[in-house]
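A.B. asks: Provided herewith: input.cif, mmCIF, C-alpha atoms and all ligand atoms.
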data_protein
#
loop_
_atom_site.label_atom_id
_atom_site.label_comp_id
_atom_site.auth_asym_id
_atom_site.auth_seq_id
_atom_site.Cartn_x
_atom_site.Cartn_y
_atom_site.Cartn_z
CA MET G 1407 0.00 0.00 0.00
CA ALA G 1408 1.54 3.32 -1.05
CA THR G 1409 2.03 5.83 1.75
CA VAL G 1410 1.17 9.50 1.29
CA LEU G 1411 2.50 12.15 3.66
CA VAL G 1412 -0.22 14.80 3.96
CA THR G 1413 1.15 18.03 5.39
CA GLY G 1414 -1.59 20.29 6.75
CA GLY G 1415 -3.73 17.15 6.78
CA ASN G 1416 -5.62 18.30 9.86
CA GLY G 1417 -6.99 21.34 8.01
CA TYR G 1418 -10.11 21.86 5.94
CA ILE G 1419 -9.08 20.48 2.53
CA GLY G 1420 -6.39 18.18 3.94
CA SER G 1421 -8.79 16.32 6.25
CA HIS G 1422 -11.26 15.67 3.42
CA THR G 1423 -8.40 14.49 1.24
CA VAL G 1424 -7.21 12.08 3.94
CA ILE G 1425 -10.63 10.40 3.74
CA SER G 1426 -10.51 10.12 -0.07
CA LEU G 1427 -6.97 8.74 0.03
CA SER G 1428 -7.93 6.20 2.64
CA GLU G 1429 -11.04 5.16 0.68
CA ASN G 1430 -8.84 4.66 -2.36
CA GLY G 1431 -6.43 2.32 -0.63
CA TYR G 1432 -3.64 4.73 0.32
CA ASP G 1433 -1.91 4.69 3.67
CA VAL G 1434 -1.83 8.19 5.16
CA ILE G 1435 0.55 9.99 7.50
CA ILE G 1436 -0.39 13.46 8.66
CA ALA G 1437 1.95 16.28 9.68
CA ASP G 1438 0.36 19.45 11.03
CA ASN G 1439 1.45 22.07 13.56
CA LEU G 1440 -2.21 22.83 14.46
CA ILE G 1441 -1.77 26.55 13.85
CA ASN G 1442 -5.14 26.65 12.10
CA SER G 1443 -6.87 23.42 13.07
CA LYS G 1444 -7.93 21.42 16.11
CA MET G 1445 -6.76 18.00 17.21
CA GLU G 1446 -10.42 16.91 17.44
CA VAL G 1447 -10.30 16.53 13.64
CA GLN G 1448 -8.33 13.30 14.15
CA ASN G 1449 -11.15 11.84 16.28
CA ARG G 1450 -13.65 12.82 13.61
CA LEU G 1451 -11.55 11.20 10.89
CA GLU G 1452 -11.47 8.03 12.94
CA LYS G 1453 -15.27 8.08 13.28
CA ILE G 1454 -15.69 8.51 9.52
CA THR G 1455 -13.08 6.03 8.28
CA GLY G 1456 -12.77 3.62 11.20
CA LYS G 1457 -9.01 4.24 11.12
CA ARG G 1458 -6.69 6.17 13.40
CA PHE G 1459 -4.15 7.91 11.19
CA LYS G 1460 -0.52 8.32 12.16
CA PHE G 1461 -0.27 11.97 13.21
CA TYR G 1462 2.81 14.09 13.83
CA LYS G 1463 2.42 17.48 15.46
CA ALA G 1464 5.20 19.07 13.47
CA ASP G 1465 5.97 22.37 11.82
CA CYS G 1466 6.97 21.83 8.20
CA CYS G 1467 9.52 24.64 8.57
CA ASP G 1468 11.30 22.58 11.25
CA GLU G 1469 13.72 20.48 9.26
CA ALA G 1470 14.69 18.20 12.16
CA ALA G 1471 11.07 17.41 13.06
CA MET G 1472 10.23 16.74 9.42
CA ARG G 1473 13.36 14.62 8.89
CA ARG G 1474 12.16 12.34 11.66
CA ILE G 1475 8.94 11.71 9.72
CA PHE G 1476 10.88 10.82 6.56
CA GLU G 1477 13.22 8.57 8.56
CA GLU G 1478 10.47 6.73 10.40
CA ASN G 1479 8.23 6.06 7.40
CA SER G 1480 8.56 4.78 3.88
CA ILE G 1481 6.90 7.65 2.08
CA ASP G 1482 5.85 7.27 -1.54
CA SER G 1483 4.43 10.74 -2.20
CA VAL G 1484 3.62 14.03 -0.49
CA ILE G 1485 0.60 16.32 -0.67
CA HIS G 1486 1.60 19.69 0.73
CA PHE G 1487 -1.41 21.57 2.12
CA ALA G 1488 0.44 23.19 5.02
CA GLY G 1489 0.27 26.95 4.75
CA LEU G 1490 -1.41 30.09 6.00
CA LYS G 1491 -4.32 31.18 3.82
CA ALA G 1492 -6.06 34.30 5.10
CA VAL G 1493 -5.76 36.99 2.44
CA GLY G 1494 -6.43 39.99 4.72
CA GLU G 1495 -4.09 38.70 7.43
CA SER G 1496 -1.35 38.21 4.85
CA VAL G 1497 -1.45 41.93 4.09
CA LYS G 1498 -0.99 42.73 7.81
CA ILE G 1499 1.75 40.18 8.58
CA PRO G 1500 3.42 39.52 5.21
CA LEU G 1501 6.70 38.23 6.63
CA ASP G 1502 4.89 35.51 8.57
CA TYR G 1503 3.15 34.43 5.36
CA TYR G 1504 6.32 34.41 3.26
CA GLN G 1505 8.24 32.66 6.05
CA ASN G 1506 5.68 29.97 6.75
CA ASN G 1507 4.45 29.21 3.25
CA ILE G 1508 7.76 29.41 1.39
CA VAL G 1509 10.04 27.87 4.02
CA SER G 1510 7.65 24.99 4.75
CA MET G 1511 7.51 23.99 1.08
CA ILE G 1512 11.26 24.33 0.57
CA THR G 1513 11.97 22.29 3.70
CA VAL G 1514 9.67 19.50 2.56
CA ALA G 1515 11.10 19.60 -0.98
CA ARG G 1516 14.68 19.33 0.35
CA LEU G 1517 13.72 16.27 2.41
CA MET G 1518 11.94 14.72 -0.55
CA LYS G 1519 15.17 15.01 -2.51
CA GLU G 1520 17.25 13.65 0.36
CA PHE G 1521 14.95 10.65 0.87
CA ASP G 1522 14.30 10.13 -2.85
CA VAL G 1523 10.55 10.75 -2.58
CA ARG G 1524 9.59 11.81 -6.09
CA LYS G 1525 5.88 12.60 -6.21
CA LEU G 1526 4.49 15.88 -4.90
CA VAL G 1527 1.08 17.52 -5.14
CA PHE G 1528 1.06 21.20 -4.19
CA SER G 1529 -1.98 23.30 -3.20
CA SER G 1530 -1.94 26.29 -5.49
CA SER G 1531 -4.80 28.65 -6.17
CA ALA G 1532 -6.68 30.41 -8.94
CA THR G 1533 -5.31 33.53 -7.29
CA VAL G 1534 -2.15 33.08 -9.44
CA TYR G 1535 -4.17 34.30 -12.46
CA GLY G 1536 -4.23 37.73 -10.78
CA MET G 1537 -6.75 40.39 -11.70
CA SER G 1538 -7.38 39.17 -15.25
CA GLU G 1539 -10.99 38.44 -16.15
CA ASP G 1540 -10.23 36.57 -19.33
CA VAL G 1541 -12.45 33.65 -18.31
CA PRO G 1542 -12.52 30.76 -18.28
CA PHE G 1543 -8.97 30.51 -16.97
CA THR G 1544 -7.05 27.74 -18.67
CA GLU G 1545 -3.78 26.36 -17.34
CA GLU G 1546 -2.11 28.27 -20.19
CA SER G 1547 -3.64 31.62 -19.16
CA PRO G 1548 -0.83 33.99 -18.18
CA LEU G 1549 -0.04 34.25 -14.50
CA GLY G 1550 -1.05 37.65 -13.21
CA VAL G 1551 -0.07 40.21 -10.64
CA CYS G 1552 -1.29 39.10 -7.22
CA THR G 1553 -3.01 41.58 -4.95
CA ASN G 1554 -1.73 40.24 -1.63
CA PRO G 1555 1.20 38.38 -0.02
CA TYR G 1556 -0.82 35.15 0.33
CA GLY G 1557 -1.34 35.08 -3.44
CA TRP G 1558 2.33 35.83 -4.07
CA THR G 1559 3.39 32.86 -1.93
CA LYS G 1560 1.42 30.56 -4.27
CA TRP G 1561 2.78 32.33 -7.34
CA MET G 1562 6.36 32.12 -6.06
CA LEU G 1563 6.08 28.51 -4.93
CA GLU G 1564 4.85 27.47 -8.37
CA GLN G 1565 8.07 28.96 -9.75
CA VAL G 1566 10.21 27.42 -6.99
CA LEU G 1567 8.76 23.98 -7.75
CA LYS G 1568 9.18 24.36 -11.52
CA ASP G 1569 12.85 25.22 -10.98
CA PHE G 1570 13.24 22.36 -8.51
CA ALA G 1571 11.80 19.89 -11.05
CA LYS G 1572 13.98 21.26 -13.85
CA ALA G 1573 17.10 20.61 -11.80
CA ASN G 1574 15.80 17.21 -10.62
CA PRO G 1575 14.06 15.63 -13.60
CA GLU G 1576 13.24 12.48 -11.66
CA MET G 1577 10.67 14.56 -9.72
CA LYS G 1578 6.98 14.43 -10.61
CA ILE G 1579 5.20 17.52 -9.35
CA CYS G 1580 1.56 18.43 -9.73
CA LEU G 1581 0.38 22.00 -9.12
CA LEU G 1582 -3.35 22.07 -8.41
CA ARG G 1583 -4.97 25.48 -8.80
CA TYR G 1584 -8.09 25.34 -6.68
CA PHE G 1585 -10.97 27.67 -7.41
CA ASN G 1586 -13.34 28.26 -4.43
CA PRO G 1587 -13.54 25.19 -2.17
CA VAL G 1588 -16.73 25.06 -0.07
CA GLY G 1589 -19.00 22.47 1.54
CA ALA G 1590 -18.27 19.72 3.99
CA HIS G 1591 -18.19 15.95 4.40
CA GLU G 1592 -21.64 14.33 4.14
CA SER G 1593 -21.36 13.06 7.73
CA GLY G 1594 -21.33 16.64 9.05
CA LEU G 1595 -18.37 15.64 11.23
CA ILE G 1596 -15.71 17.72 9.48
CA GLY G 1597 -15.91 20.98 7.58
CA GLU G 1598 -14.41 24.45 7.39
CA ASP G 1599 -13.77 25.71 10.93
CA PRO G 1600 -12.37 29.24 10.70
CA ARG G 1601 -11.11 31.05 13.79
CA GLY G 1602 -12.87 34.35 14.52
CA ILE G 1603 -15.12 36.18 12.09
CA PRO G 1604 -14.86 34.56 8.66
CA ASN G 1605 -13.75 36.52 5.60
CA ASN G 1606 -14.88 34.09 2.94
CA LEU G 1607 -18.44 33.93 1.69
CA PHE G 1608 -19.58 30.43 2.65
CA PRO G 1609 -18.29 30.40 6.23
CA TYR G 1610 -19.89 33.82 6.67
CA ILE G 1611 -23.26 32.74 5.22
CA SER G 1612 -23.15 29.62 7.41
CA LYS G 1613 -22.72 31.69 10.55
CA VAL G 1614 -25.58 34.02 9.57
CA ALA G 1615 -27.75 31.00 8.81
CA GLY G 1616 -26.84 29.51 12.18
CA GLY G 1617 -27.55 32.76 14.01
CA THR G 1618 -23.99 33.42 15.25
CA LEU G 1619 -23.66 36.40 12.93
CA ASP G 1620 -26.43 38.83 12.24
CA CYS G 1621 -26.24 39.80 8.61
CA LEU G 1622 -24.17 39.17 5.49
CA THR G 1623 -22.84 42.15 3.55
CA VAL G 1624 -22.74 41.41 -0.16
CA PHE G 1625 -19.67 43.20 -1.47
CA GLY G 1626 -20.94 45.07 -4.52
CA ASP G 1627 -24.02 44.64 -6.71
CA ASP G 1628 -22.87 46.89 -9.54
CA TYR G 1629 -20.51 44.47 -11.30
CA ASP G 1630 -20.87 43.77 -15.01
CA THR G 1631 -22.47 40.36 -14.37
CA PRO G 1632 -26.04 39.10 -14.93
CA ASP G 1633 -27.25 40.07 -11.44
CA GLY G 1634 -24.56 42.62 -10.56
CA THR G 1635 -22.77 40.41 -7.97
CA CYS G 1636 -19.47 38.58 -8.50
CA LEU G 1637 -19.29 35.13 -10.07
CA ARG G 1638 -17.06 32.45 -8.57
CA ASP G 1639 -16.39 28.81 -9.34
CA TYR G 1640 -17.39 27.11 -6.08
CA ILE G 1641 -16.23 23.51 -5.84
CA HIS G 1642 -17.33 20.95 -3.27
CA VAL G 1643 -14.42 20.08 -0.98
CA VAL G 1644 -15.19 16.36 -1.42
CA ASP G 1645 -14.78 16.74 -5.19
CA LEU G 1646 -11.57 18.66 -4.60
CA ALA G 1647 -10.34 15.88 -2.32
CA ASP G 1648 -10.99 13.33 -5.08
CA GLY G 1649 -9.01 15.55 -7.43
CA HIS G 1650 -5.96 15.00 -5.21
CA VAL G 1651 -6.29 11.22 -5.40
CA LYS G 1652 -6.53 11.48 -9.19
CA ALA G 1653 -3.46 13.73 -9.21
CA ILE G 1654 -1.43 11.24 -7.16
CA ASP G 1655 -2.51 8.43 -9.52
CA TYR G 1656 -1.58 10.58 -12.51
CA LEU G 1657 1.95 11.18 -11.22
CA ASP G 1658 2.56 7.43 -11.54
CA LYS G 1659 1.76 7.59 -15.26
CA THR G 1660 3.10 10.87 -16.54
CA ASP G 1661 6.58 11.55 -17.87
CA ASP G 1662 6.23 15.29 -17.23
CA CYS G 1663 8.19 16.70 -14.32
CA VAL G 1664 5.59 19.40 -13.72
CA SER G 1665 1.86 19.16 -14.40
CA VAL G 1666 -0.59 21.98 -13.76
CA PHE G 1667 -4.34 21.55 -13.34
CA ASN G 1668 -7.27 23.78 -12.51
CA ILE G 1669 -9.65 22.17 -10.08
CA GLY G 1670 -13.08 23.75 -10.39
CA THR G 1671 -16.50 23.02 -11.82
CA GLY G 1672 -16.24 25.35 -14.81
CA LYS G 1673 -19.41 27.12 -13.70
CA GLY G 1674 -19.76 30.60 -12.23
CA THR G 1675 -22.24 31.19 -9.40
CA SER G 1676 -23.10 34.71 -8.26
CA VAL G 1677 -23.19 35.84 -4.64
CA LYS G 1678 -26.95 36.30 -4.92
CA GLU G 1679 -27.33 32.77 -6.31
CA ALA G 1680 -25.16 31.38 -3.51
CA VAL G 1681 -27.33 33.11 -0.89
CA ALA G 1682 -30.52 31.79 -2.54
CA ALA G 1683 -29.10 28.24 -2.67
CA PHE G 1684 -28.15 28.42 1.00
CA GLU G 1685 -31.62 29.70 1.93
CA LYS G 1686 -33.07 26.67 0.16
CA ALA G 1687 -30.70 24.35 2.04
CA CYS G 1688 -31.32 25.77 5.51
CA GLY G 1689 -34.99 26.52 5.00
CA HIS G 1690 -34.97 30.11 6.11
CA GLU G 1691 -33.94 33.55 4.94
CA ILE G 1692 -30.30 34.67 5.14
CA LYS G 1693 -30.37 38.29 6.20
CA HIS G 1694 -28.17 40.30 3.84
CA VAL G 1695 -27.49 43.87 2.79
CA PHE G 1696 -25.61 45.25 -0.20
CA GLY G 1697 -22.40 47.13 0.51
CA PRO G 1698 -19.50 48.55 -1.48
CA ARG G 1699 -17.13 46.41 -3.50
CA ARG G 1700 -14.30 44.72 -1.58
CA PRO G 1701 -10.89 45.99 -2.76
CA GLY G 1702 -9.03 43.34 -4.78
CA ASP G 1703 -12.15 41.46 -5.92
CA ILE G 1704 -12.64 40.64 -9.58
CA ALA G 1705 -16.09 40.38 -11.16
CA VAL G 1706 -15.77 36.94 -12.67
CA CYS G 1707 -13.56 33.92 -12.00
CA TYR G 1708 -14.13 30.38 -13.21
CA ALA G 1709 -12.06 27.52 -14.49
CA SER G 1710 -11.64 25.74 -17.74
CA THR G 1711 -11.91 22.15 -16.57
CA ASP G 1712 -11.00 20.46 -19.89
CA LYS G 1713 -7.42 19.57 -19.02
CA ALA G 1714 -8.28 18.03 -15.64
CA TYR G 1715 -11.02 16.00 -17.32
CA ARG G 1716 -8.85 14.88 -20.22
CA LEU G 1717 -5.74 13.90 -18.27
CA LEU G 1718 -6.94 13.22 -14.72
CA GLY G 1719 -10.45 12.03 -15.55
CA PHE G 1720 -11.58 14.62 -13.00
CA LYS G 1721 -15.09 16.02 -13.18
CA ALA G 1722 -16.92 17.62 -10.26
CA ARG G 1723 -19.93 15.58 -9.13
CA TYR G 1724 -21.60 18.01 -6.77
CA ASN G 1725 -23.56 21.19 -7.54
CA ILE G 1726 -24.13 24.35 -5.54
CA ASP G 1727 -27.18 22.88 -3.76
CA ASP G 1728 -25.11 19.91 -2.58
CA MET G 1729 -22.41 22.31 -1.37
CA CYS G 1730 -24.94 24.35 0.63
CA THR G 1731 -26.68 21.28 2.08
CA SER G 1732 -23.42 19.81 3.35
CA CYS G 1733 -22.24 23.19 4.67
CA TRP G 1734 -25.49 23.61 6.57
CA LYS G 1735 -25.32 20.11 8.04
CA TRP G 1736 -21.78 20.79 9.30
CA GLN G 1737 -22.83 24.18 10.69
CA SER G 1738 -25.93 22.80 12.41
CA MET G 1739 -24.07 19.90 14.00
CA ASN G 1740 -21.10 22.07 15.09
CA PRO G 1741 -22.42 25.61 15.69
CA GLU G 1742 -19.32 26.59 17.68
CA GLY G 1743 -16.88 24.69 15.47
CA LEU G 1744 -14.69 21.98 17.01
CA SER G 1745 -13.31 22.13 20.53
CA ASP G 1746 -9.55 22.14 21.10
P1 LIG C 1 -6.42 25.18 6.54
O1 LIG C 1 -5.86 26.34 7.26
O2 LIG C 1 -7.73 24.63 7.00
O3 LIG C 1 -5.37 23.97 6.53
C1 LIG C 1 -4.00 24.18 6.52
C2 LIG C 1 -3.40 23.30 7.61
O4 LIG C 1 -1.98 23.49 7.60
C3 LIG C 1 -3.88 23.68 9.01
O5 LIG C 1 -4.30 22.52 9.70
C4 LIG C 1 -2.66 24.31 9.68
O6 LIG C 1 -2.64 24.05 11.07
C5 LIG C 1 -1.53 23.64 8.93
N1 LIG C 1 -0.27 24.40 8.83
C6 LIG C 1 -0.09 25.69 8.47
N2 LIG C 1 1.23 25.98 8.47
C7 LIG C 1 1.89 24.84 8.82
C8 LIG C 1 3.24 24.50 9.00
N3 LIG C 1 4.23 25.38 8.84
N4 LIG C 1 3.54 23.23 9.38
C9 LIG C 1 2.59 22.30 9.58
N5 LIG C 1 1.28 22.58 9.44
C10 LIG C 1 0.93 23.83 9.06
O7 LIG C 1 -6.49 25.57 4.99
P2 LIG C 1 -7.18 24.81 3.78
O8 LIG C 1 -8.34 25.61 3.35
O9 LIG C 1 -7.34 23.39 4.09
O10 LIG C 1 -6.06 24.99 2.68
C11 LIG C 1 -5.07 24.01 2.44
C12 LIG C 1 -4.10 24.55 1.39
O11 LIG C 1 -4.83 24.88 0.21
C13 LIG C 1 -3.38 25.82 1.82
O12 LIG C 1 -2.07 25.78 1.33
C14 LIG C 1 -4.18 26.91 1.13
O13 LIG C 1 -3.40 28.05 0.90
C15 LIG C 1 -4.56 26.22 -0.17
N6 LIG C 1 -5.75 26.81 -0.79
C16 LIG C 1 -6.90 26.94 -0.05
C17 LIG C 1 -8.01 27.53 -0.65
C18 LIG C 1 -9.28 27.70 0.14
O14 LIG C 1 -10.15 28.45 -0.30
N7 LIG C 1 -9.47 27.03 1.26
C19 LIG C 1 -7.97 27.97 -1.99
C20 LIG C 1 -6.79 27.79 -2.71
C21 LIG C 1 -5.68 27.22 -2.09
C1 LIG C 2 -10.66 34.69 -1.73
C2 LIG C 2 -9.29 35.20 -2.01
C3 LIG C 2 -8.48 34.15 -2.74
C4 LIG C 2 -8.45 32.87 -1.92
C5 LIG C 2 -9.90 32.44 -1.64
C6 LIG C 2 -9.96 31.25 -0.73
C7 LIG C 2 -9.49 37.63 -2.22
C8 LIG C 2 -9.45 38.80 -3.15
N1 LIG C 2 -9.37 36.43 -2.78
O1 LIG C 2 -11.31 34.41 -2.95
O2 LIG C 2 -7.17 34.60 -2.93
O3 LIG C 2 -7.79 31.85 -2.63
O4 LIG C 2 -10.60 33.51 -0.98
O5 LIG C 2 -9.47 31.54 0.55
O6 LIG C 2 -9.61 37.79 -1.03
N2 LIG C 2 -18.34 38.08 -0.47
C9 LIG C 2 -19.36 38.87 -0.01
N3 LIG C 2 -19.48 39.02 1.34
C10 LIG C 2 -18.66 38.42 2.24
C11 LIG C 2 -17.61 37.59 1.75
C12 LIG C 2 -17.48 37.45 0.38
O7 LIG C 2 -20.11 39.42 -0.79
O8 LIG C 2 -18.81 38.61 3.46
C13 LIG C 2 -18.20 37.88 -1.94
C14 LIG C 2 -16.86 38.36 -2.47
O9 LIG C 2 -16.93 39.71 -2.84
C15 LIG C 2 -16.68 37.43 -3.68
C16 LIG C 2 -17.41 36.14 -3.27
O10 LIG C 2 -18.26 36.51 -2.20
O11 LIG C 2 -17.35 37.97 -4.77
C17 LIG C 2 -16.46 35.06 -2.80
O12 LIG C 2 -15.61 35.59 -1.82
P1 LIG C 2 -14.57 34.70 -0.99
O13 LIG C 2 -15.27 33.53 -0.43
O14 LIG C 2 -13.84 35.58 -0.05
O15 LIG C 2 -13.60 34.13 -2.11
P2 LIG C 2 -12.74 34.92 -3.23
O16 LIG C 2 -12.76 36.37 -3.01
O17 LIG C 2 -13.15 34.42 -4.55
#
Take the structure from the file and write it as structure tokens.
Ligand code: NAD
Ligand code: UD1
C.D. replies:
Amino acid sequence: MATVLVTGGNGYIGSHTVISLSENGYDVIIADNLINSKMEVQNRLEKITGKRFKFYKADCCDEAAMRRIFEENSIDSVIHFAGLKAVGESVKIPLDYYQNNIVSMITVARLMKEFDVRKLVFSSSATVYGMSEDVPFTEESPLGVCTNPYGWTKWMLEQVLKDFAKANPEMKICLLRYFNPVGAHESGLIGEDPRGIPNNLFPYISKVAGGTLDCLTVFGDDYDTPDGTCLRDYIHVVDLADGHVKAIDYLDKTDDCVSVFNIGTGKGTSVKEAVAAFEKACGHEIKHVFGPRRPGDIAVCYASTDKAYRLLGFKARYNIDDMCTSCWKWQSMNPEGLSD
């Protein structure tokens, strides 16, 4: 059974991916420093899968701690989720973002080379396309100018990994550019569990629906879109998790050192449509008001999904209603999130 080291595997996307890997016959080892997740996730994963995963509380920037993991296990591939991801926070504490996101990836890459682990999947983001609105974004669309340090860390790490692969052609690296991951596992046991007041749309709507927050502000209704609100390509986190399994499988077959894939649905959903879908899922109104545009937002962002379908066989199974239903189940079952 091939063993995958999942860094950041206690987090939102990582924990869902651990389930998909396990369901597809992979052995999983998790490394996470718990900076943005709770240990309770491991209990929930055990409830869902019936397995207790090997867990290391380790910072991926700590070379000695990470070396121990490579020494103690026979690792076949790595999925690197570990990173800080809050856009607004990255503007306030840029050095922490550059330090954590860049150094963690470089540390893991160095150890992969040292221990001859050749397959890597890296969590990139549609944010690397910058402020362009030349949709749909294909993997060949030019990379843009990012509007915040978080985005730049993804942009820079894509370059770092391309250079790493060029110098080490035995490496097989897959860069997955996620669009907007939302939703939760069907069990309602794991989901997105942000600390403090959420910045992203779905966690915010969930809290308004659950009564913890009073009212959603829709950022701008004067965009050049059918209903005036921004369009995004929301993808169910369970679909996204499956995309990682397909990427790992693909790295066994490809001769390319670096492969890049968008992971989205190819469909744009407006903020108004997202609110309406959530109202349907939770069965009551989501109080919302219209406010000014949020600086840095683009009107429209959605993926071309052709390449992922052609080469990975990846196609999203879930629609916006499924995303809202699962989000609401998670929110209802865990109104305060998970305990420490
Ligand atoms: P998350 O914060 O829920 O998960 C990240 C996990 O990594 C957390 O458990 C955190 O404790 C851990 N972590 C952070 N720094 C670490 C370090 N130095 N060492 C060990 N563990 C560390 O975030 P997520 O939404 O699951 O995102 C996973 C990855 O996907 C991130 O790299 C993120 O930037 C990227 N991504 C996320 C989105 C999104 O909308 N959620 C979109 C595009 C890309
Ligand atoms: C944001 C980040 C992106 C990151 C992604 C996932 C920016 C500019 N982009 O994407 O880099 O990869 O999160 O973490 O921050 N909205 C409201 N009211 C709210 C919250 C959001 O109307 O309270 C709207 C936004 O204007 C946007 C849409 O909802 O049109 C989605 O927003 P969000 O969930 O924050 O994702 P993105 O902005 O697409």
A.B. asks: Calculate how many Å separate CA of Asp1599 (chain G) from CA of Gly1417 (chain G), rounding to one decimal.
C.D. replies: 8.6 Å
A.B. asks: Any idea what's packed within 7 Å of region 1651-1663 of chain G, counting only C-alpha atoms, ignoring anything in its chain fewer than 6 positions away? Could you give it as a list in words?
C.D. replies: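 Near region 1651-1663 of chain G, the qualifying residues are Ser1426, Leu1427, Lys1525, Ala1571, Pro1575, Met1577, Lys1578, Ile1579, Cys1580 and Leu1718 of chain G.
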A.B. asks: At a cut-off of 12 Å, using only C-alpha atoms, what residues contact Ala1515 (chain G)? Leave out same-chain residues fewer than 2 positions from it and give the result as a ChimeraX atom specification.
C.D. replies: /G:1413,1466-1467,1469,1472-1473,1476,1483-1486,1508-1513,1517-1528,1563,1566-1571,1574,1577-1579
A.B. asks: Identify, counting only C-alpha atoms and all ligand atoms, the protein, DNA and RNA residues located within 7 Å of ligand LIG 2 (chain C), and give them as a compact mmCIF listing (two decimals) with C-alpha atoms, keeping the file's coordinate frame.
C.D. replies:
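Heads up, here's the output in result.txt:
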# COMPACT_ATOMS: atom_id res chain seq x y z
CA LYS G 1491 -4.32 31.18 3.82
CA ALA G 1492 -6.06 34.30 5.10
CA VAL G 1493 -5.76 36.99 2.44
CA GLY G 1494 -6.43 39.99 4.72
CA SER G 1531 -4.80 28.65 -6.17
CA ALA G 1532 -6.68 30.41 -8.94
CA THR G 1533 -5.31 33.53 -7.29
CA GLY G 1557 -1.34 35.08 -3.44
CA ASN G 1586 -13.34 28.26 -4.43
CA ASN G 1605 -13.75 36.52 5.60
CA ASN G 1606 -14.88 34.09 2.94
CA LEU G 1607 -18.44 33.93 1.69
CA PHE G 1608 -19.58 30.43 2.65
CA TYR G 1610 -19.89 33.82 6.67
CA LEU G 1622 -24.17 39.17 5.49
CA THR G 1623 -22.84 42.15 3.55
CA VAL G 1624 -22.74 41.41 -0.16
CA PHE G 1625 -19.67 43.20 -1.47
CA GLY G 1626 -20.94 45.07 -4.52
CA THR G 1635 -22.77 40.41 -7.97
CA CYS G 1636 -19.47 38.58 -8.50
CA LEU G 1637 -19.29 35.13 -10.07
CA ARG G 1638 -17.06 32.45 -8.57
CA VAL G 1677 -23.19 35.84 -4.64
CA ARG G 1699 -17.13 46.41 -3.50
CA ARG G 1700 -14.30 44.72 -1.58
CA GLY G 1702 -9.03 43.34 -4.78
CA ASP G 1703 -12.15 41.46 -5.92
CA ALA G 1705 -16.09 40.38 -11.16
A.B. asks: G:Gly1634, G:Pro1698, G:Pro1542, G:Gly1414: which is nearest Gly1672 (chain G), counting only C-alpha atoms?
C.D. replies: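 Ranking G:Gly1634, G:Pro1698, G:Pro1542, G:Gly1414 by distance to Gly1672 (chain G), first place goes to G:Pro1542.
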A.B. asks: Could the residues that lie within 6 Å of ligand LIG 1 (chain C), counting all atoms listed in the file, be listed as JSON, numbers by chain?
C.D. replies: {"G": [1414, 1416, 1417, 1418, 1419, 1420, 1438, 1439, 1440, 1441, 1442, 1443, 1464, 1465, 1466, 1467, 1487, 1488, 1489, 1490, 1491, 1506, 1510, 1529, 1530, 1531, 1584, 1586, 1587]}
A.B. asks: So, with all atoms listed in the file as the atoms that count, which of G:Leu1717, G:Met1407, G:Val1614, G:Val1643 lies closest to His1591 (chain G)?
C.D. replies: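 For His1591 (chain G), the nearest of the candidates is G:Val1643.
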A.B. asks: Compare G:Ile1596, G:Leu1549, G:Val1534, G:Ala1683 by their minimum atom-to-atom distance to Met1445 (chain G), counting all atoms listed in the file, and give me the closest one.
C.D. replies: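 When distances to Met1445 (chain G) are compared using all atoms listed in the file, the smallest one comes from G:Ile1596.
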A.B. asks: Given all atoms listed in the file as the basis, pick out the residue of G:Ser1676, G:Gln1448, G:Asn1668, G:Ser1745 nearest to Ala1714 (chain G).
C.D. replies: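 Closest residue, counting all atoms listed in the file: G:Asn1668.
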A.B. asks: Give the answer as one residue: which of G:Gly1597, G:Asp1648, G:Lys1560, G:Phe1585 has the shortest atom-to-atom distance to Lys1673 (chain G), using only C-alpha atoms?
C.D. replies: G:Phe1585
A.B. asks: Please output region 1519-1525 of chain G, rebuilt to include N, CA and C atoms, as a PDB file, keeping the file's coordinate frame.
C.D. replies:
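result_29.pdb, freshly written:
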ATOM      1  N   LYS G1519      13.972  15.310  -1.713  1.00  0.00           N
ATOM      2  CA  LYS G1519      15.170  15.010  -2.510  1.00  0.00           C
ATOM      3  C   LYS G1519      16.112  14.089  -1.728  1.00  0.00           C
ATOM      4  N   GLU G1520      16.332  14.442  -0.477  1.00  0.00           N
ATOM      5  CA  GLU G1520      17.250  13.650   0.360  1.00  0.00           C
ATOM      6  C   GLU G1520      16.788  12.198   0.503  1.00  0.00           C
ATOM      7  N   PHE G1521      15.475  12.009   0.636  1.00  0.00           N
ATOM      8  CA  PHE G1521      14.950  10.650   0.870  1.00  0.00           C
ATOM      9  C   PHE G1521      14.413  10.012  -0.420  1.00  0.00           C
ATOM     10  N   ASP G1522      14.707  10.641  -1.534  1.00  0.00           N
ATOM     11  CA  ASP G1522      14.300  10.130  -2.850  1.00  0.00           C
ATOM     12  C   ASP G1522      12.789   9.859  -2.938  1.00  0.00           C
ATOM     13  N   VAL G1523      12.014  10.801  -2.420  1.00  0.00           N
ATOM     14  CA  VAL G1523      10.550  10.750  -2.580  1.00  0.00           C
ATOM     15  C   VAL G1523      10.235  11.653  -3.769  1.00  0.00           C
ATOM     16  N   ARG G1524       9.623  11.093  -4.809  1.00  0.00           N
ATOM     17  CA  ARG G1524       9.590  11.810  -6.090  1.00  0.00           C
ATOM     18  C   ARG G1524       8.277  12.466  -6.448  1.00  0.00           C
ATOM     19  N   LYS G1525       7.196  12.095  -5.777  1.00  0.00           N
ATOM     20  CA  LYS G1525       5.880  12.600  -6.210  1.00  0.00           C
ATOM     21  C   LYS G1525       5.338  13.628  -5.212  1.00  0.00           C
TER      22      LYS G1525
END
